[in-house]
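What follows is a short report on a single structure.
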Amino acid sequence: MENTRNQASTKNPTLLQSEELHEYILKTGVYPREPNPLKELRIATANHPMAFMGTAPDAGQLMAMLLKLVNPKNAIEIGVFTGYSLLLTALTIPDDGKITAIDINRKAYEIGLPIVKKAGVEHKIDFIESPALPILDKLLENPEKEGSFDFAFVDADKNNYWNYHKRLMKLVKIGGMVIYDNTLWGGSVALREEDVPEAKRKWRQCAIEFNKLVSADPRVEMSQVPLGDGITICRRVC
């Protein structure tokens, strides 16, 4: 079994307050089933100063299962970092599937790119170095793009989550799925503001506002899952 204390995953905010239980879950049910390319990328990310931004591997495991249920051929990812969730998606979708991946920083993506190439899935990825909103708006200028995506994953600037959601509700087809990461912000959404470190308050408030809006959105079925830093799973129904 791996020593999880030395891996990037333990740097992720986690809602499990027991480190021992978190390690037990990773060692027992996550790491033994983690594909080798993902394991390699997770380790390659471990020394990055922002390694905590990577997708938690236990959340990624659930995401992979959901991807297999949805079986998407056209996906979109907003926020890539070193590419753990992107590689996970590329490994899971069919060989002729495509992922539009948007991030403002290609440098971080290039940490994982050699592993993506070695895994033989680079041909599935269209990486766009740009803020996401202009790209989404450009896609929506083409009526044929509405409802053309089966799956979306968002792990980007939290203050724009609702802006992304409004656009994704047009781009993702009815029956398609959207997953948002970091929506419970380390559990701080349930704390009084004065009990939250000042540095976390802005993004905590963004998460609270997004959660309130998406929970009231009749266009989706949704579930908030306390994995990693909290993920919100939405299925578009209208």
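Naming scheme: A, B, ... for chains in displayed order of the structure tokens; residues 1 onward per chain; ligands 1 onward as shown.
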
* If we count only C-alpha atoms, what is near Thr82 in chain A at a cut-off of 7 Å, once residues fewer than 5 positions away on the same chain are taken out, given as a VMD selection string? -> chain A and resid 45 108 to 112

Restrict the selected residues to N, CA, C and O atoms and save them as a PDB file, in the first residue's frame.
ATOM      1  N   THR A  45       2.500  15.659  -9.791  1.00  0.00           N
ATOM      2  CA  THR A  45       1.932  16.925  -9.323  1.00  0.00           C
ATOM      3  C   THR A  45       2.290  17.209  -7.871  1.00  0.00           C
ATOM      4  O   THR A  45       2.193  18.346  -7.409  1.00  0.00           O
ATOM      5  N   ALA A 108       0.906  24.698 -16.386  1.00  0.00           N
ATOM      6  CA  ALA A 108       0.554  23.627 -15.456  1.00  0.00           C
ATOM      7  C   ALA A 108       0.127  22.371 -16.216  1.00  0.00           C
ATOM      8  O   ALA A 108       0.499  21.245 -15.845  1.00  0.00           O
ATOM      9  N   TYR A 109      -0.622  22.545 -17.290  1.00  0.00           N
ATOM     10  CA  TYR A 109      -1.069  21.407 -18.096  1.00  0.00           C
ATOM     11  C   TYR A 109       0.113  20.636 -18.674  1.00  0.00           C
ATOM     12  O   TYR A 109       0.074  19.409 -18.802  1.00  0.00           O
ATOM     13  N   GLU A 110       1.187  21.356 -18.997  1.00  0.00           N
ATOM     14  CA  GLU A 110       2.345  20.709 -19.606  1.00  0.00           C
ATOM     15  C   GLU A 110       3.068  19.778 -18.639  1.00  0.00           C
ATOM     16  O   GLU A 110       3.854  18.928 -19.068  1.00  0.00           O
ATOM     17  N   ILE A 111       2.797  19.902 -17.337  1.00  0.00           N
ATOM     18  CA  ILE A 111       3.345  18.926 -16.385  1.00  0.00           C
ATOM     19  C   ILE A 111       2.755  17.546 -16.658  1.00  0.00           C
ATOM     20  O   ILE A 111       3.464  16.530 -16.616  1.00  0.00           O
ATOM     21  N   GLY A 112       1.478  17.510 -16.949  1.00  0.00           N
ATOM     22  CA  GLY A 112       0.825  16.232 -17.200  1.00  0.00           C
ATOM     23  C   GLY A 112       0.820  15.794 -18.647  1.00  0.00           C
ATOM     24  O   GLY A 112       0.546  14.622 -18.943  1.00  0.00           O
TER      25      GLY A 112
END

* Which residues, written as a ChimeraX atom specification, have at least one atom at most 12 Å from Asp217 in chain A, with only C-alpha atoms counted and residues fewer than 5 positions away on the same chain left out? -> /A:162,165-166,169,210-212,222,234-238

For Ile231 in chain A, work out the shell of residues within 9 Å, counting only C-alpha atoms and skipping chain neighbours fewer than 4 positions away, then give it as a CSV table (one decimal) with N, CA, C and O atoms, in the first residue's frame.
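Writing the result to part08.csv gives the following:
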chain,number,residue,atom,x,y,z
A,59,ALA,N,-12.6,11.5,-5.3
A,59,ALA,CA,-13.7,12.1,-6.1
A,59,ALA,C,-13.5,11.7,-7.5
A,59,ALA,O,-14.5,11.5,-8.2
A,179,ILE,N,-20.4,18.3,-13.4
A,179,ILE,CA,-19.9,18.1,-12.1
A,179,ILE,C,-19.1,19.4,-11.7
A,179,ILE,O,-18.2,19.8,-12.5
A,180,TYR,N,-19.4,19.9,-10.6
A,180,TYR,CA,-18.6,21.1,-10.1
A,180,TYR,C,-17.8,20.7,-8.9
A,180,TYR,O,-18.3,20.0,-7.9
A,181,ASP,N,-16.5,21.1,-8.8
A,181,ASP,CA,-15.6,20.7,-7.7
A,181,ASP,C,-15.5,21.9,-6.7
A,181,ASP,O,-15.8,23.0,-7.1
A,182,ASN,N,-15.2,21.5,-5.5
A,182,ASN,CA,-14.9,22.5,-4.4
A,182,ASN,C,-16.1,23.2,-4.0
A,182,ASN,O,-16.0,24.4,-3.5
A,183,THR,N,-17.3,22.6,-4.0
A,183,THR,CA,-18.5,23.3,-3.7
A,183,THR,C,-18.9,23.4,-2.2
A,183,THR,O,-19.8,24.1,-1.8
A,184,LEU,N,-18.1,22.7,-1.4
A,184,LEU,CA,-18.3,22.7,0.1
A,184,LEU,C,-17.1,23.4,0.8
A,184,LEU,O,-17.2,23.6,2.0
A,223,SER,N,-27.0,16.6,-6.7
A,223,SER,CA,-26.6,15.9,-5.5
A,223,SER,C,-25.3,16.5,-5.0
A,223,SER,O,-24.3,16.6,-5.9
A,224,GLN,N,-25.2,16.9,-3.8
A,224,GLN,CA,-23.9,17.4,-3.2
A,224,GLN,C,-23.2,16.2,-2.5
A,224,GLN,O,-23.9,15.6,-1.6
A,225,VAL,N,-22.0,15.9,-2.9
A,225,VAL,CA,-21.3,14.8,-2.4
A,225,VAL,C,-20.1,15.2,-1.6
A,225,VAL,O,-19.2,15.9,-2.1
A,226,PRO,N,-19.9,14.8,-0.3
A,226,PRO,CA,-18.8,15.2,0.5
A,226,PRO,C,-17.6,14.4,0.3
A,226,PRO,O,-17.0,13.7,1.2
A,227,LEU,N,-17.1,14.4,-0.9
A,227,LEU,CA,-15.8,13.8,-1.3
A,227,LEU,C,-14.8,14.9,-1.6
A,227,LEU,O,-15.2,15.9,-2.2

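Taking CA of Glu77 in chain A and CA of Phe127 in chain A as endpoints, the distance between them is 9.4 Å.
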
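Going from CA of Ile174 in chain A over to CA of Asp95 in chain A, you cover 23.2 Å.
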
* Close residues, Phe153 in chain A itself excluded, 10 Å, only C-alpha atoms, min 6 positions apart in chain, as a list of chain:residue names -> A:Met63, A:Ala75, A:Ile76, A:Glu77, A:Ile78, A:Gly79, A:Val80, A:Ser85, A:Leu86, A:Thr89, A:Ala101, A:Met177, A:Val178, A:Ile179, A:Tyr180, A:Asp181, A:Ile233

Can you spit out the residues from that selection as a PDB file, in the first residue's frame, using N, CA and C atoms?
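Now in again-v4.pdb:
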ATOM      1  N   MET A  63     -16.141  10.085 -10.237  1.00  0.00           N
ATOM      2  CA  MET A  63     -16.327  10.731 -11.530  1.00  0.00           C
ATOM      3  C   MET A  63     -16.148   9.731 -12.673  1.00  0.00           C
ATOM      4  N   ALA A  75     -17.196  16.048 -24.422  1.00  0.00           N
ATOM      5  CA  ALA A  75     -17.114  16.585 -23.067  1.00  0.00           C
ATOM      6  C   ALA A  75     -16.420  17.941 -23.084  1.00  0.00           C
ATOM      7  N   ILE A  76     -16.623  18.682 -22.002  1.00  0.00           N
ATOM      8  CA  ILE A  76     -15.965  19.976 -21.844  1.00  0.00           C
ATOM      9  C   ILE A  76     -15.456  20.087 -20.417  1.00  0.00           C
ATOM     10  N   GLU A  77     -14.257  20.605 -20.259  1.00  0.00           N
ATOM     11  CA  GLU A  77     -13.678  20.776 -18.933  1.00  0.00           C
ATOM     12  C   GLU A  77     -13.216  22.217 -18.768  1.00  0.00           C
ATOM     13  N   ILE A  78     -13.661  22.839 -17.684  1.00  0.00           N
ATOM     14  CA  ILE A  78     -13.290  24.219 -17.385  1.00  0.00           C
ATOM     15  C   ILE A  78     -12.385  24.194 -16.161  1.00  0.00           C
ATOM     16  N   GLY A  79     -11.122  24.515 -16.361  1.00  0.00           N
ATOM     17  CA  GLY A  79     -10.127  24.394 -15.309  1.00  0.00           C
ATOM     18  C   GLY A  79      -9.423  23.057 -15.422  1.00  0.00           C
ATOM     19  N   VAL A  80      -8.139  23.076 -15.778  1.00  0.00           N
ATOM     20  CA  VAL A  80      -7.423  21.833 -16.071  1.00  0.00           C
ATOM     21  C   VAL A  80      -6.308  21.557 -15.067  1.00  0.00           C
ATOM     22  N   SER A  85      -8.084  15.280 -13.737  1.00  0.00           N
ATOM     23  CA  SER A  85      -9.465  14.998 -14.142  1.00  0.00           C
ATOM     24  C   SER A  85      -9.588  14.903 -15.661  1.00  0.00           C
ATOM     25  N   LEU A  86      -8.786  15.685 -16.383  1.00  0.00           N
ATOM     26  CA  LEU A  86      -8.801  15.639 -17.849  1.00  0.00           C
ATOM     27  C   LEU A  86      -8.306  14.283 -18.347  1.00  0.00           C
ATOM     28  N   THR A  89     -10.896  11.632 -17.666  1.00  0.00           N
ATOM     29  CA  THR A  89     -11.979  11.666 -18.659  1.00  0.00           C
ATOM     30  C   THR A  89     -11.511  11.067 -19.975  1.00  0.00           C
ATOM     31  N   ALA A 101     -10.942  21.338 -23.498  1.00  0.00           N
ATOM     32  CA  ALA A 101     -10.357  21.639 -22.193  1.00  0.00           C
ATOM     33  C   ALA A 101      -9.870  23.082 -22.172  1.00  0.00           C
ATOM     34  N   MET A 177     -24.601  15.491 -17.993  1.00  0.00           N
ATOM     35  CA  MET A 177     -24.165  15.669 -16.612  1.00  0.00           C
ATOM     36  C   MET A 177     -23.103  16.757 -16.509  1.00  0.00           C
ATOM     37  N   VAL A 178     -23.194  17.525 -15.426  1.00  0.00           N
ATOM     38  CA  VAL A 178     -22.190  18.540 -15.102  1.00  0.00           C
ATOM     39  C   VAL A 178     -21.738  18.310 -13.659  1.00  0.00           C
ATOM     40  N   ILE A 179     -20.435  18.279 -13.439  1.00  0.00           N
ATOM     41  CA  ILE A 179     -19.885  18.120 -12.093  1.00  0.00           C
ATOM     42  C   ILE A 179     -19.069  19.351 -11.742  1.00  0.00           C
ATOM     43  N   TYR A 180     -19.360  19.928 -10.568  1.00  0.00           N
ATOM     44  CA  TYR A 180     -18.629  21.084 -10.060  1.00  0.00           C
ATOM     45  C   TYR A 180     -17.803  20.659  -8.854  1.00  0.00           C
ATOM     46  N   ASP A 181     -16.526  21.065  -8.842  1.00  0.00           N
ATOM     47  CA  ASP A 181     -15.639  20.706  -7.737  1.00  0.00           C
ATOM     48  C   ASP A 181     -15.538  21.852  -6.741  1.00  0.00           C
ATOM     49  N   ILE A 233     -23.030  17.281  -8.266  1.00  0.00           N
ATOM     50  CA  ILE A 233     -23.336  16.557  -9.497  1.00  0.00           C
ATOM     51  C   ILE A 233     -24.702  17.011  -9.982  1.00  0.00           C
TER      52      ILE A 233
END

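Compared by their closest atoms to Val172 in chain A, and using only C-alpha atoms, the residues A:Asp103, A:Asp150, A:Glu144, A:Glu34 rank with A:Asp150 nearest.
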
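Across A:Val214, A:Val189, A:Gly83, A:Ala199, the tightest approach to Lys117 in chain A is made by A:Gly83 when counting only C-alpha atoms.
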
* Members of range 138-236 of chain A assigned strand (DSSP E) by DSSP, as a PyMOL selection string -> chain A and resi 149-154+172-181+220-225+231-236

* Structure fact -> Pairwise distance, CA of Asp157 in chain A with CA of Leu191 in chain A, equals 21.5 Å

* Write down as a PyMOL selection string the residues belonging to range 70-187 of chain A that are assigned helix (DSSP H, G or I) by DSSP computed on the backbone. => chain A and resi 70+84-92+106-118+122-124+132-140+143-145+158-171+185-187

* Among the residues A:Pro131, A:Pro143, A:Gly186, A:Gly60, the one that comes closest to Lys170 in chain A [using only C-alpha atoms] -> A:Pro143

* To do: Write out as a PyMOL selection string the residues lying within 9 Å of Leu136 in chain A, counting only C-alpha atoms and excluding same-chain residues fewer than 5 positions away.
  => chain A and resi 141+164+167-168+171

12 Å contact set for Asn71 in chain A, only C-alpha atoms, chain neighbours under 5 positions out, as a short mmCIF file (atom, residue, chain, number, x, y, z; two decimals) with C-alpha atoms, in the first residue's frame:
data_model
loop_
_atom_site.label_atom_id
_atom_site.label_comp_id
_atom_site.auth_asym_id
_atom_site.auth_seq_id
_atom_site.Cartn_x
_atom_site.Cartn_y
_atom_site.Cartn_z
CA MET A 63 -16.33 10.73 -11.53
CA ALA A 64 -14.93 7.84 -13.60
CA MET A 65 -17.87 5.66 -12.63
CA LEU A 66 -20.34 8.40 -13.59
CA THR A 89 -11.98 11.67 -18.66
CA ALA A 90 -9.79 10.94 -21.67
CA LEU A 91 -9.06 7.44 -20.41
CA THR A 92 -12.75 6.75 -19.83
CA ILE A 93 -14.53 8.10 -22.92
CA PRO A 94 -14.55 6.19 -26.25
CA ASP A 95 -11.54 6.40 -28.55
CA ASP A 96 -13.40 8.76 -30.88
CA GLY A 97 -14.56 10.97 -28.01
CA LYS A 98 -13.49 14.60 -27.71
CA PHE A 149 -22.00 18.16 -25.02
CA ASP A 150 -22.75 15.06 -22.95
CA PHE A 151 -20.60 15.88 -19.93
CA GLY A 175 -29.82 14.05 -19.83
CA GLY A 176 -26.19 15.22 -19.77
CA MET A 177 -24.17 15.67 -16.61
#
